[in-house]
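Structure file start_9.cif with mmCIF, C-alpha atoms:
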```cif
data_my_file
#
loop_
_atom_site.label_atom_id
_atom_site.label_comp_id
_atom_site.auth_asym_id
_atom_site.auth_seq_id
_atom_site.Cartn_x
_atom_site.Cartn_y
_atom_site.Cartn_z
CA MET A 1 142.50 76.63 95.20
CA LYS A 2 143.76 73.41 93.73
CA ARG A 3 141.49 70.34 93.93
CA PRO A 4 142.97 67.02 94.98
CA ILE A 5 143.30 64.66 92.03
CA TRP A 6 140.95 62.11 93.65
CA LEU A 7 138.19 64.74 93.87
CA THR A 8 138.58 65.74 90.22
CA ALA A 9 138.57 62.10 89.13
CA SER A 10 135.49 61.36 91.27
CA LEU A 11 133.56 64.33 89.84
CA LEU A 12 134.46 63.33 86.29
CA LEU A 13 133.39 59.73 86.92
CA LEU A 14 130.10 60.82 88.50
CA SER A 15 129.28 63.18 85.63
CA PHE A 16 130.04 60.42 83.11
CA TYR A 17 127.87 57.92 85.02
CA ALA A 18 124.96 60.37 85.28
CA ASN A 19 124.98 60.87 81.51
CA ALA A 20 125.60 57.27 80.45
CA ASP A 21 122.96 55.19 78.71
CA GLU A 22 121.06 52.99 81.10
CA THR A 23 119.25 49.74 80.37
CA ILE A 24 116.60 48.43 82.73
CA ASP A 25 115.49 44.83 82.18
CA ILE A 26 112.12 43.89 83.62
CA PRO A 27 111.00 40.86 81.61
CA PRO A 28 109.37 40.70 79.18
CA ALA A 29 110.67 44.22 78.42
CA SER A 30 114.10 45.79 78.20
CA VAL A 31 114.25 49.60 78.13
CA THR A 32 117.38 51.56 77.25
CA TRP A 33 117.47 55.25 78.13
CA THR A 34 119.91 56.77 75.63
CA SER A 35 121.73 60.05 76.23
CA PRO A 36 119.47 61.29 79.05
CA GLU A 37 121.55 64.45 79.30
CA ASN A 38 119.95 65.50 75.98
CA TYR A 39 116.34 64.86 77.02
CA ARG A 40 114.08 67.88 76.68
CA ASP A 41 112.80 67.90 80.27
CA ILE A 42 113.52 65.40 82.98
CA ARG A 43 114.34 67.96 85.67
CA SER A 44 113.59 67.42 89.32
CA SER A 45 111.60 70.04 91.19
CA GLY A 46 113.37 69.14 94.41
CA GLY A 47 115.95 66.78 95.81
CA SER A 48 118.65 64.93 93.94
CA GLN A 49 118.46 65.14 90.15
CA THR A 50 120.26 61.80 89.80
CA ARG A 51 117.83 59.99 92.12
CA PHE A 52 114.82 61.64 90.45
CA GLN A 53 116.03 60.62 87.00
CA GLN A 54 116.70 57.05 88.15
CA ARG A 55 113.22 56.83 89.68
CA VAL A 56 111.58 58.14 86.49
CA PHE A 57 113.46 55.55 84.41
CA GLU A 58 112.50 52.73 86.79
CA ILE A 59 108.81 53.69 86.91
CA LEU A 60 108.44 54.07 83.14
CA SER A 61 110.48 50.91 82.43
CA GLU A 62 108.20 48.98 84.76
CA HIS A 63 105.20 50.44 82.94
CA PHE A 64 106.56 49.30 79.55
CA SER A 65 107.02 45.84 81.09
CA ASP A 66 103.46 45.82 82.46
CA MET A 67 102.11 46.73 79.02
CA ALA A 68 104.17 43.96 77.41
CA LYS A 69 102.75 41.44 79.89
CA ILE A 70 99.21 42.53 79.05
CA TYR A 71 99.41 42.95 75.28
CA LEU A 72 102.10 40.55 74.04
CA ALA A 73 101.93 36.78 73.68
CA PRO A 74 103.83 34.93 76.46
CA GLU A 75 106.75 34.00 74.19
CA GLN A 76 107.26 37.56 72.92
CA THR A 77 109.57 40.25 74.29
CA LEU A 78 109.68 44.02 73.94
CA THR A 79 112.88 46.03 73.47
CA VAL A 80 112.58 49.81 73.77
CA LYS A 81 115.22 52.47 73.13
CA VAL A 82 114.10 55.86 74.50
CA ASN A 83 115.64 58.77 72.59
CA ASN A 84 113.88 61.72 74.24
CA LEU A 85 111.58 62.43 77.15
CA ASP A 86 109.68 65.58 78.09
CA LEU A 87 107.73 65.29 81.33
CA ALA A 88 104.36 66.99 81.67
CA GLY A 89 104.67 70.56 82.90
CA ASP A 90 107.58 72.93 83.28
CA ILE A 91 109.83 73.74 86.22
CA ARG A 92 109.22 77.21 87.60
CA TYR A 93 110.12 79.00 90.78
CA GLY A 94 107.32 79.70 93.26
CA SER A 95 106.68 83.43 93.63
CA GLU A 96 106.36 83.33 97.42
CA THR A 97 108.75 80.54 98.40
CA GLY A 98 111.30 80.65 95.59
CA GLN A 99 111.23 76.85 95.50
CA LYS A 100 111.12 74.92 92.24
CA LEU A 101 107.68 73.62 91.26
CA ARG A 102 106.47 71.56 88.32
CA VAL A 103 103.59 73.56 86.84
CA LEU A 104 101.20 71.86 84.40
CA THR A 105 99.92 74.05 81.57
CA SER A 106 98.24 73.43 78.23
CA ILE A 107 101.48 74.21 76.39
CA SER A 108 103.69 71.85 78.40
CA ALA A 109 102.40 68.49 77.18
CA PRO A 110 104.36 65.31 77.92
CA SER A 111 106.13 63.54 75.07
CA ILE A 112 108.34 60.52 74.63
CA ASN A 113 110.29 59.45 71.54
CA PHE A 114 111.43 55.86 71.23
CA SER A 115 112.07 52.99 68.90
CA TYR A 116 110.81 49.53 69.76
CA GLN A 117 110.99 45.95 68.60
CA VAL A 118 108.73 43.04 69.45
CA GLN A 119 110.55 39.73 69.18
CA GLN A 120 109.44 36.16 69.22
CA GLY A 121 112.56 34.13 69.82
CA GLU A 122 115.17 35.63 67.49
CA ALA A 123 112.64 36.85 64.92
CA ALA A 124 111.41 40.45 64.90
CA VAL A 125 107.62 40.51 64.77
CA LYS A 126 107.14 44.27 64.75
CA SER A 127 109.31 47.38 65.03
CA ASP A 128 108.98 51.12 64.56
CA THR A 129 110.07 54.53 65.80
CA VAL A 130 107.37 56.61 67.46
CA ARG A 131 106.82 59.99 69.06
CA LEU A 132 104.01 60.06 71.59
CA THR A 133 102.44 63.26 72.85
CA ASN A 134 99.00 64.41 73.97
CA LEU A 135 98.29 68.13 73.77
CA ASN A 136 95.03 67.54 75.65
CA TYR A 137 96.77 65.61 78.40
CA GLN A 138 95.14 67.38 81.34
CA ALA A 139 91.71 66.20 80.23
CA SER A 140 92.81 62.64 79.42
CA VAL A 141 93.36 61.37 82.96
CA SER A 142 90.52 61.51 85.42
CA GLY A 143 89.75 60.71 89.03
CA MET A 144 92.19 59.78 91.76
CA SER A 145 94.90 58.66 89.33
CA ARG A 146 95.91 62.33 88.91
CA ASP A 147 97.66 62.04 92.29
CA ARG A 148 100.01 59.30 91.10
CA ILE A 149 103.54 59.91 89.84
CA LEU A 150 104.09 60.20 86.06
CA VAL A 151 100.40 59.56 85.36
CA TYR A 152 100.40 61.54 82.08
CA GLU A 153 103.51 59.82 80.75
CA LYS A 154 102.11 56.41 81.72
CA GLN A 155 98.87 57.25 79.89
CA LEU A 156 100.85 57.95 76.69
CA ILE A 157 102.49 54.51 76.94
CA LEU A 158 99.19 52.79 77.77
CA ASP A 159 97.41 54.35 74.77
CA TRP A 160 100.30 53.35 72.48
CA ALA A 161 100.35 49.77 73.82
CA ARG A 162 96.58 49.35 73.34
CA LYS A 163 96.87 50.39 69.70
CA THR A 164 100.20 48.78 68.81
CA LEU A 165 101.00 45.74 70.95
CA ARG A 166 98.02 43.54 70.19
CA LYS A 167 98.76 39.84 70.57
CA GLN A 168 99.77 38.51 67.17
#
```
Could I get this file's structure written as structure tokens?
Amino acid sequence: MKRPIWLTASLLLLSFYANADETIDIPPASVTWTSPENYRDIRSSGGSQTRFQQRVFEILSEHFSDMAKIYLAPEQTLTVKVNNLDLAGDIRYGSETGQKLRVLTSISAPSINFSYQVQQGEAAVKSDTVRLTNLNYQASVSGMSRDRILVYEKQLILDWARKTLRKQ
């Protein structure tokens, strides 16, 4: 069966858009998610993959911005370029339901690779490329916060910000 040209063009455009770099500006931070189609694991366990990915990017970009507000001087900004993301856990199929589930195990630790730059005006104050991971991630978050979305990934960013983004 031959597809109408408009359908082929629409599918091509949607696939390009889903894989395009995305920058989310939430002052004082700007986060660019580069080549998300190459990320190790950003798979949805249910629902739309595109919406899930967008939500993950928004939540983590907002968290970078929150950390910048806390740890940077008011006149400083943070620019982040995320190169890889691996969410905590792995996607598996439930044995009874056959539905996809995200299962957390000791060998499926979260990780995020990114480069960053702290700027004051036009001058770069600090920059580096980092890879964050925590093999003991299940023991690092306690209490009710375990019920929140992306809690292990947010903890990685929080620990990095505490150590790295001290007010200069």
Expressed in Å, the length from CA of Arg92 (chain A) to CA of Gln49 (chain A) is 15.4 Å
Once the PyMOL selection byres ((chain A and resi 155-166) around 8) is applied to the coordinates I shared, what remains selected? I want it as a list in words.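 This file gives the following for the PyMOL selection byres ((chain A and resi 155-166) around 8): His63, Phe64, Met67, Ala68, Tyr71, Leu72, Ser111, Leu132, Thr133, Asn134, Val141, Val151, Tyr152, Glu153, Lys154, Lys167 and Gln168 of chain A.
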Write the selection just made, keeping C-alpha atoms, as an mmCIF file, keeping the file's coordinate frame?
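This went into part.cif:
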```cif
data_model
loop_
_atom_site.group_PDB
_atom_site.id
_atom_site.type_symbol
_atom_site.label_atom_id
_atom_site.label_comp_id
_atom_site.auth_asym_id
_atom_site.auth_seq_id
_atom_site.Cartn_x
_atom_site.Cartn_y
_atom_site.Cartn_z
ATOM 1 C CA HIS A 63 105.200 50.440 82.940
ATOM 2 C CA PHE A 64 106.560 49.300 79.550
ATOM 3 C CA MET A 67 102.110 46.730 79.020
ATOM 4 C CA ALA A 68 104.170 43.960 77.410
ATOM 5 C CA TYR A 71 99.410 42.950 75.280
ATOM 6 C CA LEU A 72 102.100 40.550 74.040
ATOM 7 C CA SER A 111 106.130 63.540 75.070
ATOM 8 C CA LEU A 132 104.010 60.060 71.590
ATOM 9 C CA THR A 133 102.440 63.260 72.850
ATOM 10 C CA ASN A 134 99.000 64.410 73.970
ATOM 11 C CA VAL A 141 93.360 61.370 82.960
ATOM 12 C CA VAL A 151 100.400 59.560 85.360
ATOM 13 C CA TYR A 152 100.400 61.540 82.080
ATOM 14 C CA GLU A 153 103.510 59.820 80.750
ATOM 15 C CA LYS A 154 102.110 56.410 81.720
ATOM 16 C CA LYS A 167 98.760 39.840 70.570
ATOM 17 C CA GLN A 168 99.770 38.510 67.170
#
```
Provide the CA of Ala123 (chain A) to CA of Ala20 (chain A) distance in Å, to one decimal place.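 CA of Ala20 (chain A) lies 28.7 Å from CA of Ala123 (chain A).
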I'd like to know which of A:Ser127, A:Gln53, A:Gln119, A:Ser108 is closest to Gln76 (chain A), using all atoms listed in the file. A:Gln119
With distances taken over all atoms listed in the file, which of A:Ala109, A:Tyr93, A:Phe114, A:Arg102 is nearest to Ser140 (chain A)? A:Ala109
Given only C-alpha atoms as the counted atoms, nearest of A:Ile24, A:Ala29, A:Ile149, A:Val130 to Ile70 (chain A):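 So, comparing all the options, the nearest one is A:Ala29.
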Tell me which residues the PyMOL selection byres ((chain A and resi 122) around 12) grabs here, as a ChimeraX atom specification. /A:75-78,117-121,123-125
Which residue, A:Arg148, A:Gln99, A:Asn136, A:Ser106, has the smallest gap to Gly47 (chain A) when you use only C-alpha atoms?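 Among A:Arg148, A:Gln99, A:Asn136, A:Ser106, it is A:Gln99 that comes nearest to Gly47 (chain A).
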Rank A:Ile59, A:Leu150, A:Ile91, A:Leu85 by their smallest atom-to-atom distance to Gly46 (chain A), using all atoms listed in the file, and report the top residue only.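 Ranking A:Ile59, A:Leu150, A:Ile91, A:Leu85 by distance to Gly46 (chain A), first place goes to A:Ile91.
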Of the residues A:Ser61, A:Thr50, A:Thr97, A:Thr32, which is the one nearest to Ser115 (chain A), using only C-alpha atoms?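 Smallest distance to Ser115 (chain A) is found for A:Thr32.
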In Å, rounded to a single decimal, give me how far CA of Ser65 (chain A) is from CA of Lys81 (chain A).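 Distance between the two atoms: 13.2 Å.
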Could you list, as a list in words, every residue within 8 Å of Asp41 (chain A), counting all atoms listed in the file and ignoring same-chain residues fewer than 2 positions away?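 Counting all atoms listed in the file, the residues come to Tyr39, Arg43, Leu85, Asp86, Leu87 and Asp90 of chain A.
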